[in-house]
Each structure stands twice: as structure tokens, then as C-alpha cells.
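Next comes final.cif, a file with mmCIF, N, CA and C atoms.
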```
data_model
#
loop_
_atom_site.group_PDB
_atom_site.id
_atom_site.type_symbol
_atom_site.label_atom_id
_atom_site.label_comp_id
_atom_site.auth_asym_id
_atom_site.auth_seq_id
_atom_site.Cartn_x
_atom_site.Cartn_y
_atom_site.Cartn_z
ATOM 1 N N MET W 1 -1.854 -12.290 -8.711
ATOM 2 C CA MET W 1 -0.941 -11.481 -7.945
ATOM 3 C C MET W 1 -1.477 -10.067 -7.731
ATOM 4 N N SER W 2 -1.985 -9.452 -8.787
ATOM 5 C CA SER W 2 -2.502 -8.104 -8.604
ATOM 6 C C SER W 2 -3.937 -8.165 -8.093
ATOM 7 N N ILE W 3 -4.408 -7.042 -7.611
ATOM 8 C CA ILE W 3 -5.754 -7.010 -7.045
ATOM 9 C C ILE W 3 -6.787 -6.857 -8.163
ATOM 10 N N THR W 4 -7.978 -7.323 -7.903
ATOM 11 C CA THR W 4 -9.035 -7.249 -8.907
ATOM 12 C C THR W 4 -9.579 -5.822 -8.992
ATOM 13 N N ALA W 5 -10.259 -5.546 -10.084
ATOM 14 C CA ALA W 5 -10.824 -4.211 -10.291
ATOM 15 C C ALA W 5 -11.881 -3.890 -9.237
ATOM 16 N N ALA W 6 -12.660 -4.895 -8.857
ATOM 17 C CA ALA W 6 -13.692 -4.668 -7.843
ATOM 18 C C ALA W 6 -13.064 -4.341 -6.485
ATOM 19 N N ARG W 7 -12.007 -5.057 -6.127
ATOM 20 C CA ARG W 7 -11.320 -4.793 -4.857
ATOM 21 C C ARG W 7 -10.679 -3.411 -4.868
ATOM 22 N N LYS W 8 -10.123 -3.041 -6.016
ATOM 23 C CA LYS W 8 -9.500 -1.730 -6.152
ATOM 24 C C LYS W 8 -10.537 -0.622 -5.969
ATOM 25 N N GLN W 9 -11.709 -0.783 -6.581
ATOM 26 C CA GLN W 9 -12.774 0.207 -6.427
ATOM 27 C C GLN W 9 -13.258 0.293 -4.984
ATOM 28 N N ALA W 10 -13.312 -0.856 -4.315
ATOM 29 C CA ALA W 10 -13.728 -0.861 -2.910
ATOM 30 C C ALA W 10 -12.723 -0.105 -2.046
ATOM 31 N N LEU W 11 -11.443 -0.292 -2.303
ATOM 32 C CA LEU W 11 -10.410 0.424 -1.548
ATOM 33 C C LEU W 11 -10.471 1.921 -1.826
ATOM 34 N N ILE W 12 -10.690 2.285 -3.077
ATOM 35 C CA ILE W 12 -10.786 3.702 -3.427
ATOM 36 C C ILE W 12 -11.989 4.331 -2.734
ATOM 37 N N LYS W 13 -13.091 3.617 -2.700
ATOM 38 C CA LYS W 13 -14.296 4.138 -2.042
ATOM 39 C C LYS W 13 -14.089 4.266 -0.534
ATOM 40 N N GLU W 14 -13.366 3.302 0.058
ATOM 41 C CA GLU W 14 -13.159 3.298 1.497
ATOM 42 C C GLU W 14 -12.176 4.371 1.967
ATOM 43 N N TYR W 15 -11.078 4.546 1.243
ATOM 44 C CA TYR W 15 -10.026 5.456 1.694
ATOM 45 C C TYR W 15 -10.020 6.810 0.997
ATOM 46 N N GLY W 16 -10.735 6.929 -0.118
ATOM 47 C CA GLY W 16 -10.748 8.178 -0.860
ATOM 48 C C GLY W 16 -11.742 9.177 -0.317
ATOM 49 N N LYS W 17 -11.563 10.402 -0.732
ATOM 50 C CA LYS W 17 -12.494 11.451 -0.324
ATOM 51 C C LYS W 17 -13.784 11.372 -1.137
ATOM 52 N N THR W 18 -13.651 10.964 -2.411
ATOM 53 C CA THR W 18 -14.799 10.731 -3.273
ATOM 54 C C THR W 18 -14.647 9.346 -3.904
ATOM 55 N N ALA W 19 -15.634 8.919 -4.666
ATOM 56 C CA ALA W 19 -15.593 7.595 -5.286
ATOM 57 C C ALA W 19 -14.574 7.507 -6.412
ATOM 58 N N THR W 20 -14.165 8.654 -6.959
ATOM 59 C CA THR W 20 -13.195 8.654 -8.054
ATOM 60 C C THR W 20 -11.834 9.193 -7.634
ATOM 61 N N ASP W 21 -11.607 9.340 -6.360
ATOM 62 C CA ASP W 21 -10.356 9.883 -5.833
ATOM 63 C C ASP W 21 -9.288 8.790 -5.828
ATOM 64 N N THR W 22 -8.435 8.781 -6.857
ATOM 65 C CA THR W 22 -7.387 7.763 -6.936
ATOM 66 C C THR W 22 -6.014 8.322 -6.622
ATOM 67 N N GLY W 23 -5.886 9.619 -6.497
ATOM 68 C CA GLY W 23 -4.572 10.215 -6.344
ATOM 69 C C GLY W 23 -4.194 10.621 -4.938
ATOM 70 N N SER W 24 -5.128 10.580 -4.007
ATOM 71 C CA SER W 24 -4.789 11.019 -2.658
ATOM 72 C C SER W 24 -3.808 10.040 -2.008
ATOM 73 N N THR W 25 -3.073 10.534 -1.085
ATOM 74 C CA THR W 25 -2.034 9.744 -0.430
ATOM 75 C C THR W 25 -2.614 8.528 0.264
ATOM 76 N N GLU W 26 -3.750 8.693 0.918
ATOM 77 C CA GLU W 26 -4.366 7.576 1.629
ATOM 78 C C GLU W 26 -4.721 6.432 0.690
ATOM 79 N N VAL W 27 -5.283 6.765 -0.468
ATOM 80 C CA VAL W 27 -5.674 5.742 -1.437
ATOM 81 C C VAL W 27 -4.443 5.043 -1.998
ATOM 82 N N GLN W 28 -3.419 5.811 -2.327
ATOM 83 C CA GLN W 28 -2.196 5.216 -2.872
ATOM 84 C C GLN W 28 -1.564 4.260 -1.869
ATOM 85 N N ILE W 29 -1.532 4.643 -0.605
ATOM 86 C CA ILE W 29 -0.957 3.779 0.428
ATOM 87 C C ILE W 29 -1.800 2.517 0.591
ATOM 88 N N ALA W 30 -3.120 2.657 0.578
ATOM 89 C CA ALA W 30 -4.003 1.499 0.729
ATOM 90 C C ALA W 30 -3.835 0.526 -0.441
ATOM 91 N N LEU W 31 -3.746 1.041 -1.659
ATOM 92 C CA LEU W 31 -3.576 0.182 -2.827
ATOM 93 C C LEU W 31 -2.217 -0.516 -2.804
ATOM 94 N N LEU W 32 -1.184 0.214 -2.434
ATOM 95 C CA LEU W 32 0.136 -0.404 -2.335
ATOM 96 C C LEU W 32 0.160 -1.479 -1.258
ATOM 97 N N THR W 33 -0.503 -1.225 -0.140
ATOM 98 C CA THR W 33 -0.546 -2.208 0.942
ATOM 99 C C THR W 33 -1.239 -3.480 0.481
ATOM 100 N N GLU W 34 -2.321 -3.331 -0.261
ATOM 101 C CA GLU W 34 -3.034 -4.509 -0.777
ATOM 102 C C GLU W 34 -2.155 -5.302 -1.749
ATOM 103 N N ASN W 35 -1.453 -4.580 -2.639
ATOM 104 C CA ASN W 35 -0.547 -5.255 -3.577
ATOM 105 C C ASN W 35 0.612 -5.932 -2.850
ATOM 106 N N ILE W 36 1.145 -5.283 -1.846
ATOM 107 C CA ILE W 36 2.266 -5.847 -1.082
ATOM 108 C C ILE W 36 1.836 -7.117 -0.364
ATOM 109 N N THR W 37 0.644 -7.097 0.207
ATOM 110 C CA THR W 37 0.130 -8.288 0.890
ATOM 111 C C THR W 37 -0.027 -9.452 -0.074
ATOM 112 N N SER W 38 -0.580 -9.157 -1.239
ATOM 113 C CA SER W 38 -0.769 -10.193 -2.254
ATOM 114 C C SER W 38 0.568 -10.752 -2.733
ATOM 115 N N LEU W 39 1.506 -9.879 -2.990
ATOM 116 C CA LEU W 39 2.808 -10.307 -3.491
ATOM 117 C C LEU W 39 3.615 -11.033 -2.423
ATOM 118 N N THR W 40 3.419 -10.687 -1.172
ATOM 119 C CA THR W 40 4.096 -11.388 -0.081
ATOM 120 C C THR W 40 3.639 -12.838 -0.010
ATOM 121 N N GLU W 41 2.335 -13.060 -0.190
ATOM 122 C CA GLU W 41 1.822 -14.436 -0.218
ATOM 123 C C GLU W 41 2.405 -15.213 -1.399
ATOM 124 N N HIS W 42 2.544 -14.562 -2.531
ATOM 125 C CA HIS W 42 3.146 -15.195 -3.707
ATOM 126 C C HIS W 42 4.602 -15.584 -3.426
ATOM 127 N N MET W 43 5.311 -14.696 -2.740
ATOM 128 C CA MET W 43 6.734 -14.950 -2.465
ATOM 129 C C MET W 43 6.925 -16.088 -1.464
ATOM 130 N N LYS W 44 5.946 -16.334 -0.616
ATOM 131 C CA LYS W 44 6.040 -17.459 0.316
ATOM 132 C C LYS W 44 6.028 -18.788 -0.432
ATOM 133 N N VAL W 45 5.284 -18.840 -1.526
ATOM 134 C CA VAL W 45 5.194 -20.066 -2.318
ATOM 135 C C VAL W 45 6.359 -20.166 -3.308
ATOM 136 N N HIS W 46 6.699 -19.044 -3.940
ATOM 137 C CA HIS W 46 7.721 -19.013 -4.981
ATOM 138 C C HIS W 46 8.927 -18.217 -4.479
ATOM 139 N N ALA W 47 9.729 -18.830 -3.654
ATOM 140 C CA ALA W 47 10.829 -18.127 -2.990
ATOM 141 C C ALA W 47 11.929 -17.673 -3.947
ATOM 142 N N LYS W 48 12.077 -18.330 -5.078
ATOM 143 C CA LYS W 48 13.170 -17.987 -5.999
ATOM 144 C C LYS W 48 12.741 -17.050 -7.126
ATOM 145 N N ASP W 49 11.579 -16.477 -7.016
ATOM 146 C CA ASP W 49 11.072 -15.552 -8.029
ATOM 147 C C ASP W 49 11.709 -14.183 -7.815
ATOM 148 N N VAL W 50 12.851 -13.971 -8.456
ATOM 149 C CA VAL W 50 13.639 -12.766 -8.234
ATOM 150 C C VAL W 50 12.948 -11.526 -8.806
ATOM 151 N N HIS W 51 12.292 -11.672 -9.945
ATOM 152 C CA HIS W 51 11.639 -10.528 -10.568
ATOM 153 C C HIS W 51 10.507 -9.986 -9.696
ATOM 154 N N SER W 52 9.737 -10.878 -9.128
ATOM 155 C CA SER W 52 8.653 -10.440 -8.241
ATOM 156 C C SER W 52 9.207 -9.851 -6.956
ATOM 157 N N ARG W 53 10.322 -10.385 -6.470
ATOM 158 C CA ARG W 53 10.939 -9.842 -5.255
ATOM 159 C C ARG W 53 11.376 -8.400 -5.489
ATOM 160 N N ARG W 54 11.926 -8.134 -6.664
ATOM 161 C CA ARG W 54 12.356 -6.778 -6.990
ATOM 162 C C ARG W 54 11.152 -5.834 -7.016
ATOM 163 N N GLY W 55 10.053 -6.283 -7.608
ATOM 164 C CA GLY W 55 8.842 -5.472 -7.632
ATOM 165 C C GLY W 55 8.286 -5.237 -6.242
ATOM 166 N N LEU W 56 8.360 -6.261 -5.401
ATOM 167 C CA LEU W 56 7.889 -6.138 -4.025
ATOM 168 C C LEU W 56 8.712 -5.101 -3.264
ATOM 169 N N LEU W 57 10.013 -5.162 -3.400
ATOM 170 C CA LEU W 57 10.877 -4.196 -2.717
ATOM 171 C C LEU W 57 10.622 -2.773 -3.216
ATOM 172 N N ARG W 58 10.339 -2.642 -4.492
ATOM 173 C CA ARG W 58 10.051 -1.326 -5.056
ATOM 174 C C ARG W 58 8.747 -0.775 -4.483
ATOM 175 N N MET W 59 7.738 -1.643 -4.363
ATOM 176 C CA MET W 59 6.457 -1.209 -3.801
ATOM 177 C C MET W 59 6.593 -0.829 -2.329
ATOM 178 N N VAL W 60 7.356 -1.605 -1.577
ATOM 179 C CA VAL W 60 7.563 -1.305 -0.161
ATOM 180 C C VAL W 60 8.271 0.042 -0.008
ATOM 181 N N SER W 61 9.254 0.289 -0.868
ATOM 182 C CA SER W 61 9.976 1.556 -0.822
ATOM 183 C C SER W 61 9.055 2.726 -1.162
ATOM 184 N N GLU W 62 8.228 2.552 -2.172
ATOM 185 C CA GLU W 62 7.296 3.609 -2.561
ATOM 186 C C GLU W 62 6.291 3.884 -1.446
ATOM 187 N N ARG W 63 5.780 2.830 -0.815
ATOM 188 C CA ARG W 63 4.837 3.014 0.289
ATOM 189 C C ARG W 63 5.512 3.727 1.456
ATOM 190 N N ARG W 64 6.757 3.392 1.733
ATOM 191 C CA ARG W 64 7.498 4.041 2.814
ATOM 192 C C ARG W 64 7.635 5.540 2.555
ATOM 193 N N LYS W 65 7.936 5.909 1.314
ATOM 194 C CA LYS W 65 8.058 7.324 0.961
ATOM 195 C C LYS W 65 6.726 8.047 1.151
ATOM 196 N N LEU W 66 5.647 7.411 0.697
ATOM 197 C CA LEU W 66 4.329 8.021 0.852
ATOM 198 C C LEU W 66 3.941 8.147 2.322
ATOM 199 N N LEU W 67 4.266 7.129 3.118
ATOM 200 C CA LEU W 67 3.962 7.198 4.550
ATOM 201 C C LEU W 67 4.759 8.304 5.236
ATOM 202 N N ASP W 68 6.019 8.473 4.870
ATOM 203 C CA ASP W 68 6.827 9.547 5.448
ATOM 204 C C ASP W 68 6.244 10.914 5.100
ATOM 205 N N TYR W 69 5.844 11.073 3.847
ATOM 206 C CA TYR W 69 5.231 12.326 3.413
ATOM 207 C C TYR W 69 3.928 12.585 4.170
ATOM 208 N N PHE W 70 3.110 11.550 4.279
ATOM 209 C CA PHE W 70 1.809 11.696 4.937
ATOM 210 C C PHE W 70 1.974 11.989 6.422
ATOM 211 N N ALA W 71 2.992 11.418 7.042
ATOM 212 C CA ALA W 71 3.243 11.672 8.462
ATOM 213 C C ALA W 71 3.612 13.131 8.697
ATOM 214 N N LYS W 72 4.370 13.713 7.771
ATOM 215 C CA LYS W 72 4.732 15.127 7.898
ATOM 216 C C LYS W 72 3.529 16.031 7.645
ATOM 217 N N LYS W 73 2.693 15.630 6.688
ATOM 218 C CA LYS W 73 1.573 16.449 6.268
ATOM 219 C C LYS W 73 0.443 16.459 7.290
ATOM 220 N N ASN W 74 0.075 15.268 7.808
ATOM 221 C CA ASN W 74 -1.079 15.164 8.702
ATOM 222 C C ASN W 74 -0.843 14.003 9.670
ATOM 223 N N THR W 75 -0.307 14.297 10.820
ATOM 224 C CA THR W 75 0.102 13.268 11.772
ATOM 225 C C THR W 75 -1.083 12.462 12.311
ATOM 226 N N ASP W 76 -2.166 13.119 12.630
ATOM 227 C CA ASP W 76 -3.326 12.402 13.181
ATOM 228 C C ASP W 76 -3.921 11.432 12.164
ATOM 229 N N ALA W 77 -4.078 11.888 10.938
ATOM 230 C CA ALA W 77 -4.623 11.023 9.893
ATOM 231 C C ALA W 77 -3.658 9.886 9.580
ATOM 232 N N TYR W 78 -2.356 10.155 9.678
ATOM 233 C CA TYR W 78 -1.334 9.125 9.470
ATOM 234 C C TYR W 78 -1.477 8.002 10.493
ATOM 235 N N LYS W 79 -1.622 8.377 11.749
ATOM 236 C CA LYS W 79 -1.765 7.371 12.803
ATOM 237 C C LYS W 79 -3.041 6.557 12.622
ATOM 238 N N ALA W 80 -4.114 7.221 12.236
ATOM 239 C CA ALA W 80 -5.374 6.513 11.998
ATOM 240 C C ALA W 80 -5.247 5.558 10.815
ATOM 241 N N LEU W 81 -4.540 5.975 9.779
ATOM 242 C CA LEU W 81 -4.381 5.144 8.589
ATOM 243 C C LEU W 81 -3.554 3.895 8.871
ATOM 244 N N ILE W 82 -2.453 4.027 9.599
ATOM 245 C CA ILE W 82 -1.634 2.848 9.860
ATOM 246 C C ILE W 82 -2.345 1.878 10.804
ATOM 247 N N GLU W 83 -3.188 2.418 11.691
ATOM 248 C CA GLU W 83 -3.996 1.536 12.540
ATOM 249 C C GLU W 83 -5.021 0.777 11.706
ATOM 250 N N LYS W 84 -5.667 1.471 10.801
ATOM 251 C CA LYS W 84 -6.704 0.877 9.976
ATOM 252 C C LYS W 84 -6.131 -0.174 9.012
ATOM 253 N N LEU W 85 -4.940 0.092 8.477
ATOM 254 C CA LEU W 85 -4.309 -0.832 7.540
ATOM 255 C C LEU W 85 -3.527 -1.938 8.241
ATOM 256 N N GLY W 86 -3.224 -1.746 9.497
ATOM 257 C CA GLY W 86 -2.450 -2.760 10.214
ATOM 258 C C GLY W 86 -0.972 -2.687 9.906
ATOM 259 N N ILE W 87 -0.489 -1.519 9.547
ATOM 260 C CA ILE W 87 0.940 -1.333 9.270
ATOM 261 C C ILE W 87 1.603 -0.927 10.571
ATOM 262 N N ARG W 88 2.685 -1.557 10.895
ATOM 263 C CA ARG W 88 3.362 -1.225 12.151
ATOM 264 C C ARG W 88 4.465 -0.215 11.905
ATOM 265 N N LYS W 89 4.613 0.705 12.818
ATOM 266 C CA LYS W 89 5.725 1.647 12.862
ATOM 267 C C LYS W 89 5.545 2.536 14.056
#
```
This entry written out as C-alpha cells:
Amino acid sequence: MSITAARKQALIKEYGKTATDTGSTEVQIALLTENITSLTEHMKVHAKDVHSRRGLLRMVSERRKLLDYFAKKNTDAYKALIEKLGIRK
């Protein structure tokens, strides 16, 4: 369900400013998006898994908050990020 350490490092390298940048908004959104995608596939198979559904909703809410913050902070980078991640809004 969760992403592997290698995939996480690849996402940090791709979206971060440096190779160890784990706290920037872009990296956090990218990691949450990867987790949400993985958990969505899990929920398609296990529809009655209420605990995972709660975690999924929490992650979606957290990503939404980060996206709202990022949109206010840097609109151009926000638009580029949602295009790159394939998030619609």
C-alpha cells in the first residue's frame, strides 16, 4: 500500500529543490499524490476496508490544504505542478 523507499527518493529528487528536500510543498504534494494513487487501487479491490478509507480521506484532505496554500503562494508553479502530477482542478 505504501510507496517504496526507492520510489520516495525518486519523487524527492524530481520535485525537490535538492536531493534531501523533503519539506517543501511540492514534495509533500507529490508524495501524498503517490500514496493516494496506491491507496485508491487498494480500495478498488477491498471496498469494505473502512480503516484504509479513513486514511485515504485524510490524505486527500491534507493534499487539498497543501494545494490551496501553494496556489496562494505561487500560482504559476501551482499550475505546473498539477499538470505534471495529473491532478485536475
For a test of reading the model, state the distance in Å between atom C of Lys72 (chain W) and atom C of Glu26 (chain W), rounded to one decimal. 14.4 Å
Just the alpha helix (DSSP H) stuff from chain W, please, per backbone DSSP, written as number ranges by chain. W: 5-15, 25-45, 50-73, 75-85
Quote the spacing between atom N of Arg63 (chain W) and CA of Leu32 (chain W) in Å to one decimal place. 6.7 Å
Could you build a table of the residues in region 23-54 of chain W lying no more than 12 Å from region 83-88 of chain W, giving for each the nearest pair of atoms and their separation in Å rounded to one decimal place, using only C-alpha atoms, ordered by chain and ascending residue number, as CSV?
```
residue,atom,partner,partner_atom,distance
W:Glu26,CA,W:Leu85,CA,10.3
W:Val27,CA,W:Leu85,CA,11.2
W:Ile29,CA,W:Leu85,CA,9.1
W:Ala30,CA,W:Leu85,CA,7.2
W:Leu31,CA,W:Leu85,CA,10.4
W:Leu32,CA,W:Leu85,CA,10.8
W:Thr33,CA,W:Leu85,CA,7.7
W:Glu34,CA,W:Leu85,CA,9.2
W:Ile36,CA,W:Ile87,CA,11.4
W:Thr37,CA,W:Ile87,CA,10.9
```
Show me the residues close to (4.5, -1.0, -6.5) - anything with an atom within 10 Å, counting only C-alpha atoms - and format the list as a PyMOL selection string. chain W and resi 28+31-33+35-36+39+54-63
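As for atom N of Ala47 (chain W) and atom N of Leu11 (chain W), they are spaced 28.2 Å apart.
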Working from the structure I just supplied, which lacks atoms in region 45-61 of chain W, can you model N, CA, C and O atoms there and output them as a PDB file, in the coordinates of the input?
```pdb
ATOM      1  N   VAL W  45       5.284 -18.840  -1.526  1.00  0.00           N
ATOM      2  CA  VAL W  45       5.194 -20.066  -2.318  1.00  0.00           C
ATOM      3  C   VAL W  45       6.359 -20.166  -3.308  1.00  0.00           C
ATOM      4  O   VAL W  45       6.939 -21.230  -3.487  1.00  0.00           O
ATOM      5  N   HIS W  46       6.699 -19.044  -3.940  1.00  0.00           N
ATOM      6  CA  HIS W  46       7.721 -19.013  -4.981  1.00  0.00           C
ATOM      7  C   HIS W  46       8.927 -18.217  -4.479  1.00  0.00           C
ATOM      8  O   HIS W  46       9.136 -17.069  -4.873  1.00  0.00           O
ATOM      9  N   ALA W  47       9.729 -18.830  -3.654  1.00  0.00           N
ATOM     10  CA  ALA W  47      10.829 -18.127  -2.990  1.00  0.00           C
ATOM     11  C   ALA W  47      11.929 -17.673  -3.947  1.00  0.00           C
ATOM     12  O   ALA W  47      12.629 -16.700  -3.670  1.00  0.00           O
ATOM     13  N   LYS W  48      12.077 -18.330  -5.078  1.00  0.00           N
ATOM     14  CA  LYS W  48      13.170 -17.987  -5.999  1.00  0.00           C
ATOM     15  C   LYS W  48      12.741 -17.050  -7.126  1.00  0.00           C
ATOM     16  O   LYS W  48      13.479 -16.848  -8.068  1.00  0.00           O
ATOM     17  N   ASP W  49      11.579 -16.477  -7.016  1.00  0.00           N
ATOM     18  CA  ASP W  49      11.072 -15.552  -8.029  1.00  0.00           C
ATOM     19  C   ASP W  49      11.709 -14.183  -7.815  1.00  0.00           C
ATOM     20  O   ASP W  49      11.186 -13.327  -7.100  1.00  0.00           O
ATOM     21  N   VAL W  50      12.851 -13.971  -8.456  1.00  0.00           N
ATOM     22  CA  VAL W  50      13.639 -12.766  -8.234  1.00  0.00           C
ATOM     23  C   VAL W  50      12.948 -11.526  -8.806  1.00  0.00           C
ATOM     24  O   VAL W  50      12.989 -10.457  -8.211  1.00  0.00           O
ATOM     25  N   HIS W  51      12.292 -11.672  -9.945  1.00  0.00           N
ATOM     26  CA  HIS W  51      11.639 -10.528 -10.568  1.00  0.00           C
ATOM     27  C   HIS W  51      10.507  -9.986  -9.696  1.00  0.00           C
ATOM     28  O   HIS W  51      10.356  -8.774  -9.538  1.00  0.00           O
ATOM     29  N   SER W  52       9.737 -10.878  -9.128  1.00  0.00           N
ATOM     30  CA  SER W  52       8.653 -10.440  -8.241  1.00  0.00           C
ATOM     31  C   SER W  52       9.207  -9.851  -6.956  1.00  0.00           C
ATOM     32  O   SER W  52       8.627  -8.909  -6.402  1.00  0.00           O
ATOM     33  N   ARG W  53      10.322 -10.385  -6.470  1.00  0.00           N
ATOM     34  CA  ARG W  53      10.939  -9.842  -5.255  1.00  0.00           C
ATOM     35  C   ARG W  53      11.376  -8.400  -5.489  1.00  0.00           C
ATOM     36  O   ARG W  53      11.190  -7.532  -4.635  1.00  0.00           O
ATOM     37  N   ARG W  54      11.926  -8.134  -6.664  1.00  0.00           N
ATOM     38  CA  ARG W  54      12.356  -6.778  -6.990  1.00  0.00           C
ATOM     39  C   ARG W  54      11.152  -5.834  -7.016  1.00  0.00           C
ATOM     40  O   ARG W  54      11.205  -4.710  -6.494  1.00  0.00           O
ATOM     41  N   GLY W  55      10.053  -6.283  -7.608  1.00  0.00           N
ATOM     42  CA  GLY W  55       8.842  -5.472  -7.632  1.00  0.00           C
ATOM     43  C   GLY W  55       8.286  -5.237  -6.242  1.00  0.00           C
ATOM     44  O   GLY W  55       7.813  -4.143  -5.926  1.00  0.00           O
ATOM     45  N   LEU W  56       8.360  -6.261  -5.401  1.00  0.00           N
ATOM     46  CA  LEU W  56       7.889  -6.138  -4.025  1.00  0.00           C
ATOM     47  C   LEU W  56       8.712  -5.101  -3.264  1.00  0.00           C
ATOM     48  O   LEU W  56       8.156  -4.234  -2.580  1.00  0.00           O
ATOM     49  N   LEU W  57      10.013  -5.162  -3.400  1.00  0.00           N
ATOM     50  CA  LEU W  57      10.877  -4.196  -2.717  1.00  0.00           C
ATOM     51  C   LEU W  57      10.622  -2.773  -3.216  1.00  0.00           C
ATOM     52  O   LEU W  57      10.650  -1.813  -2.436  1.00  0.00           O
ATOM     53  N   ARG W  58      10.339  -2.642  -4.492  1.00  0.00           N
ATOM     54  CA  ARG W  58      10.051  -1.326  -5.056  1.00  0.00           C
ATOM     55  C   ARG W  58       8.747  -0.775  -4.483  1.00  0.00           C
ATOM     56  O   ARG W  58       8.645   0.411  -4.148  1.00  0.00           O
ATOM     57  N   MET W  59       7.738  -1.643  -4.363  1.00  0.00           N
ATOM     58  CA  MET W  59       6.457  -1.209  -3.801  1.00  0.00           C
ATOM     59  C   MET W  59       6.593  -0.829  -2.329  1.00  0.00           C
ATOM     60  O   MET W  59       6.008   0.160  -1.876  1.00  0.00           O
ATOM     61  N   VAL W  60       7.356  -1.605  -1.577  1.00  0.00           N
ATOM     62  CA  VAL W  60       7.563  -1.305  -0.161  1.00  0.00           C
ATOM     63  C   VAL W  60       8.271   0.042  -0.008  1.00  0.00           C
ATOM     64  O   VAL W  60       7.914   0.856   0.847  1.00  0.00           O
ATOM     65  N   SER W  61       9.254   0.289  -0.868  1.00  0.00           N
ATOM     66  CA  SER W  61       9.976   1.556  -0.822  1.00  0.00           C
ATOM     67  C   SER W  61       9.055   2.726  -1.162  1.00  0.00           C
ATOM     68  O   SER W  61       9.087   3.769  -0.495  1.00  0.00           O
TER      69      SER W  61
END
```
